[in-house]
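As provided, structure.cif (mmCIF, C-alpha atoms and all ligand atoms) reads as follows.
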```cif
data_start
loop_
_atom_site.label_atom_id
_atom_site.label_comp_id
_atom_site.auth_asym_id
_atom_site.auth_seq_id
_atom_site.Cartn_x
_atom_site.Cartn_y
_atom_site.Cartn_z
CA MET A 1 -46.70 82.76 -93.27
CA GLY A 2 -49.44 80.17 -92.88
CA LEU A 3 -52.28 80.15 -95.38
CA PHE A 4 -54.92 79.56 -92.74
CA SER A 5 -53.63 81.93 -90.11
CA GLU A 6 -56.61 83.32 -88.27
CA LYS A 7 -56.57 86.18 -85.78
CA ILE A 8 -58.49 85.74 -82.55
CA ASP A 9 -58.92 88.70 -80.19
CA LEU A 10 -59.06 87.52 -76.59
CA ASN A 11 -61.32 90.46 -75.62
CA LEU A 12 -60.23 90.45 -71.97
CA PRO A 13 -60.70 93.71 -70.04
CA GLU A 14 -57.73 96.08 -69.58
CA SER A 15 -55.73 94.38 -72.31
CA GLU A 16 -55.12 94.01 -76.04
CA ILE A 17 -54.24 90.41 -76.76
CA SER A 18 -54.58 88.57 -80.05
CA TYR A 19 -53.67 85.05 -81.06
CA TYR A 20 -52.85 83.68 -84.50
CA SER A 21 -52.72 79.90 -84.86
CA ASN A 22 -50.60 78.70 -87.82
CA PHE A 23 -48.91 82.07 -88.11
CA LEU A 24 -46.00 80.07 -89.51
CA LYS A 25 -46.59 77.08 -91.77
CA THR A 26 -46.10 73.89 -89.78
CA GLU A 27 -43.12 72.73 -91.82
CA ASN A 28 -41.41 76.13 -91.55
CA ALA A 29 -42.06 76.24 -87.80
CA SER A 30 -40.47 72.78 -87.50
CA ALA A 31 -37.42 73.86 -89.51
CA TYR A 32 -37.00 76.98 -87.32
CA PHE A 33 -37.29 74.85 -84.19
CA LYS A 34 -34.55 72.51 -85.35
CA ILE A 35 -32.10 75.21 -86.38
CA LEU A 36 -32.67 77.38 -83.30
CA LYS A 37 -32.34 74.44 -80.94
CA SER A 38 -28.91 73.56 -82.31
CA LYS A 39 -27.57 77.02 -83.17
CA VAL A 40 -28.57 79.22 -80.24
CA PRO A 41 -26.04 79.42 -77.36
CA TRP A 42 -28.63 78.53 -74.72
CA GLN A 43 -27.70 79.77 -71.27
CA GLN A 44 -28.67 78.49 -67.85
CA ASP A 45 -29.31 81.43 -65.53
CA LYS A 46 -29.59 81.32 -61.77
CA ILE A 47 -32.50 82.80 -59.87
CA LYS A 48 -32.64 83.78 -56.24
CA VAL A 49 -35.76 82.89 -54.26
CA PHE A 50 -35.80 83.97 -50.60
CA GLY A 51 -32.00 84.15 -50.55
CA LYS A 52 -31.43 80.69 -52.05
CA THR A 53 -30.00 80.25 -55.54
CA TYR A 54 -31.61 77.88 -58.07
CA ASP A 55 -31.27 77.11 -61.76
CA GLN A 56 -33.93 78.99 -63.68
CA PRO A 57 -36.38 76.30 -64.94
CA ARG A 58 -35.64 76.89 -68.64
CA LEU A 59 -32.76 78.01 -70.85
CA THR A 60 -32.65 81.44 -72.46
CA ALA A 61 -30.81 83.63 -74.97
CA LEU A 62 -31.07 87.28 -75.97
CA TYR A 63 -30.66 88.69 -79.48
CA GLY A 64 -30.73 92.35 -80.41
CA ASN A 65 -29.83 94.94 -83.02
CA ASN A 66 -28.28 97.18 -80.35
CA ASP A 67 -25.99 96.32 -77.42
CA LYS A 68 -28.51 97.22 -74.72
CA ALA A 69 -28.70 94.69 -71.92
CA TYR A 70 -32.03 93.42 -70.57
CA SER A 71 -32.41 92.95 -66.82
CA TYR A 72 -35.16 91.07 -65.02
CA SER A 73 -35.31 89.21 -61.68
CA ASN A 74 -31.63 89.92 -60.89
CA ILE A 75 -30.50 88.54 -64.27
CA VAL A 76 -28.65 90.76 -66.73
CA MET A 77 -28.75 89.43 -70.30
CA ARG A 78 -26.47 90.68 -73.05
CA PRO A 79 -27.62 90.41 -76.67
CA HIS A 80 -26.10 88.35 -79.47
CA GLU A 81 -26.28 89.56 -83.07
CA PHE A 82 -29.43 88.42 -84.91
CA THR A 83 -29.00 85.33 -87.10
CA PRO A 84 -30.60 85.11 -90.59
CA GLU A 85 -33.41 82.80 -89.32
CA LEU A 86 -34.27 85.15 -86.48
CA LEU A 87 -34.26 88.14 -88.84
CA GLN A 88 -36.67 86.27 -91.11
CA ILE A 89 -39.10 85.47 -88.29
CA LYS A 90 -38.69 89.04 -87.01
CA SER A 91 -39.71 90.46 -90.38
CA PHE A 92 -42.89 88.28 -90.53
CA VAL A 93 -43.82 89.37 -87.02
CA GLU A 94 -43.09 93.04 -87.75
CA LYS A 95 -45.35 92.95 -90.79
CA GLU A 96 -48.27 91.68 -88.71
CA ALA A 97 -47.60 93.93 -85.70
CA GLU A 98 -46.98 96.96 -87.96
CA MET A 99 -43.93 97.96 -85.95
CA GLU A 100 -40.24 97.15 -85.60
CA PHE A 101 -38.62 95.29 -82.73
CA SER A 102 -35.04 95.70 -81.48
CA THR A 103 -34.71 92.58 -79.39
CA CYS A 104 -35.76 88.96 -79.09
CA LEU A 105 -35.70 86.97 -75.85
CA LEU A 106 -35.71 83.23 -76.48
CA ASN A 107 -36.87 80.60 -73.99
CA TYR A 108 -36.15 76.89 -74.32
CA TYR A 109 -38.46 74.66 -72.24
CA ARG A 110 -36.77 71.24 -72.24
CA ASN A 111 -39.84 69.33 -70.97
CA GLY A 112 -42.96 69.78 -68.86
CA LYS A 113 -40.91 70.52 -65.75
CA ASP A 114 -39.57 73.71 -67.30
CA SER A 115 -41.74 76.74 -66.72
CA ASN A 116 -41.99 80.52 -66.47
CA GLY A 117 -43.60 81.84 -63.27
CA TRP A 118 -46.15 84.64 -62.89
CA HIS A 119 -44.72 87.89 -64.20
CA ALA A 120 -45.43 90.88 -66.42
CA ASP A 121 -43.04 92.19 -69.05
CA ASP A 122 -43.12 95.63 -67.49
CA GLU A 123 -39.43 96.47 -66.97
CA LYS A 124 -38.82 100.14 -67.55
CA GLU A 125 -36.45 99.60 -70.50
CA LEU A 126 -39.44 98.12 -72.42
CA GLY A 127 -41.17 101.50 -72.24
CA GLN A 128 -44.81 102.46 -71.57
CA ASN A 129 -47.39 99.94 -72.87
CA PRO A 130 -44.89 97.62 -74.55
CA VAL A 131 -45.92 95.44 -77.48
CA ILE A 132 -44.68 91.87 -77.00
CA ALA A 133 -44.89 89.47 -79.95
CA SER A 134 -44.46 85.84 -78.96
CA ILE A 135 -43.84 82.95 -81.37
CA SER A 136 -44.23 79.35 -80.19
CA LEU A 137 -42.37 76.39 -81.69
CA GLY A 138 -42.56 72.75 -80.62
CA ALA A 139 -44.68 71.26 -77.84
CA GLU A 140 -47.92 73.02 -76.98
CA ARG A 141 -47.99 74.75 -73.61
CA ILE A 142 -50.78 76.52 -71.75
CA PHE A 143 -50.38 80.27 -71.38
CA HIS A 144 -52.11 81.53 -68.23
CA LEU A 145 -53.24 85.12 -67.74
CA ARG A 146 -54.36 86.59 -64.42
CA ASN A 147 -55.53 90.14 -63.75
CA LYS A 148 -53.23 91.90 -61.27
CA LYS A 149 -56.05 93.51 -59.22
CA ASP A 150 -58.80 90.92 -59.57
CA LYS A 151 -56.92 87.66 -59.19
CA LEU A 152 -60.10 85.68 -59.87
CA LEU A 153 -60.15 87.13 -63.36
CA LYS A 154 -58.16 84.52 -65.30
CA HIS A 155 -57.84 83.16 -68.79
CA LYS A 156 -55.80 80.45 -70.48
CA ILE A 157 -54.92 79.68 -74.03
CA VAL A 158 -52.97 76.86 -75.70
CA LEU A 159 -49.92 78.15 -77.56
CA GLU A 160 -49.64 75.94 -80.62
CA HIS A 161 -46.63 75.13 -82.81
CA GLY A 162 -46.16 78.02 -85.25
CA SER A 163 -48.53 80.39 -83.44
CA LEU A 164 -48.16 84.10 -82.69
CA LEU A 165 -49.46 85.82 -79.56
CA LEU A 166 -49.51 89.62 -79.58
CA MET A 167 -49.82 91.54 -76.32
CA ALA A 168 -50.21 95.32 -76.48
CA GLY A 169 -51.85 98.34 -74.83
CA GLU A 170 -51.99 98.15 -71.04
CA THR A 171 -51.76 94.33 -70.91
CA GLN A 172 -48.41 94.29 -69.08
CA HIS A 173 -49.58 96.85 -66.51
CA LYS A 174 -52.83 95.08 -65.70
CA TRP A 175 -52.11 91.37 -66.17
CA HIS A 176 -49.57 88.74 -65.16
CA HIS A 177 -48.84 85.72 -67.33
CA LYS A 178 -47.09 82.38 -66.87
CA ILE A 179 -46.23 79.03 -68.44
CA ALA A 180 -47.02 76.47 -65.74
CA LYS A 181 -45.23 73.19 -65.19
CA THR A 182 -47.11 70.11 -66.34
CA SER A 183 -46.81 66.49 -65.19
CA LYS A 184 -47.74 65.38 -68.73
CA ASN A 185 -44.95 63.75 -70.67
CA ILE A 186 -44.47 66.46 -73.28
CA GLY A 187 -41.64 67.44 -75.61
CA GLU A 188 -39.49 70.52 -75.90
CA ARG A 189 -40.67 73.98 -76.81
CA ILE A 190 -38.93 77.13 -78.00
CA ASN A 191 -40.53 80.52 -77.48
CA LEU A 192 -39.40 83.77 -79.07
CA THR A 193 -40.59 87.06 -77.61
CA PHE A 194 -39.90 90.15 -79.71
CA ARG A 195 -39.68 93.43 -77.81
CA ILE A 196 -38.29 96.94 -78.04
CA ILE A 197 -35.51 97.74 -75.58
CA LYS A 198 -34.93 101.46 -75.27
O1 LIG B 201 -42.90 80.98 -73.17
C1 LIG B 201 -43.81 81.79 -73.30
O2 LIG B 201 -44.75 81.62 -74.08
C2 LIG B 201 -43.82 83.04 -72.47
C3 LIG B 201 -42.48 83.68 -72.32
C4 LIG B 201 -42.55 84.93 -71.50
O3 LIG B 201 -43.55 85.26 -70.93
C5 LIG B 201 -41.37 85.80 -71.41
O4 LIG B 201 -40.28 85.43 -71.87
O5 LIG B 201 -41.51 86.90 -70.87
FE FE B 202 -43.46 87.31 -70.35
#
```

Written as structure tokens, how would this file's structure read?
Amino acid sequence: MGLFSEKIDLNLPESEISYYSNFLKTENASAYFKILKSKVPWQQDKIKVFGKTYDQPRLTALYGNNDKAYSYSNIVMRPHEFTPELLQIKSFVEKEAEMEFSTCLLNYYRNGKDSNGWHADDEKELGQNPVIASISLGAERIFHLRNKKDKLLKHKIVLEHGSLLLMAGETQHKWHHKIAKTSKNIGERINLTFRIIK
């Protein structure tokens, strides 16, 4: 893990969110990016919006230590077996979060046009008050948070290469989050979100 990793608590109401820049050393983060980009069987899912079918604006993959599927927005994902690199990252994250995860959902944002719309990770198979641990590799993207009840209550944070974002407590019940599209000419990004699927 990075020598200068520093924990920042976001201190937003109705949430428990902390951010660690340089959670992974830059060179390790770059090596993970490269190997995951080439090794992961990235899949293109379809989403349905008002009855029309579109390509989801990013590629994804699911890894898990059980065979439990993960379903969200009409997509059912089946897990692959963890690879050595993912198990290594998982163990770093577990040490910081002081808990074990069963599953990792990976997102591959090919450029600034790829995105992840407003949502909460509140599916019932994630359990009550799920802890979500999110590692960012590659291009920086802005992570937007918006309170579900008070939509004027918003926050944003830049997710840097090698960073860790931890969301816990009632965050998923009270807040939505998204990765917005950007017209900036930016590179690719891989995101890993560790979860427990029951
Ligand atoms: O790419 C990110 O940082 C967020 C991913 C996310 O919210 C999700 O997969 O549920
Ligand atoms: Fe999410």

| Contacts of segment 78-81 of chain A within 7 Å, all atoms listed in the file, excl. fewer than 2 positions in-chain, as a VMD selection string | chain A and resid 62 to 65 67 69 to 70 76 83

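The space between atom CA of Asn116 of chain A and atom CA of Ile190 of chain A spans 12.4 Å.
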
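Closest approach to ligand FE 202 (chain B) from the set A:Glu140, A:Asp122, A:Glu170, A:Asp150 is made by A:Asp122, with distances taken over all atoms listed in the file.
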
| query | How many Å separate atom CA of Glu98 of chain A from atom CA of Pro41 of chain A? | reply |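 Value for the atom CA of Glu98 of chain A-atom CA of Pro41 of chain A distance: 29.3 Å.
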
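One distance worth recording is that between atom C5 of ligand LIG 201 (chain B) and atom CA of Ile132 of chain A, which is 8.9 Å.
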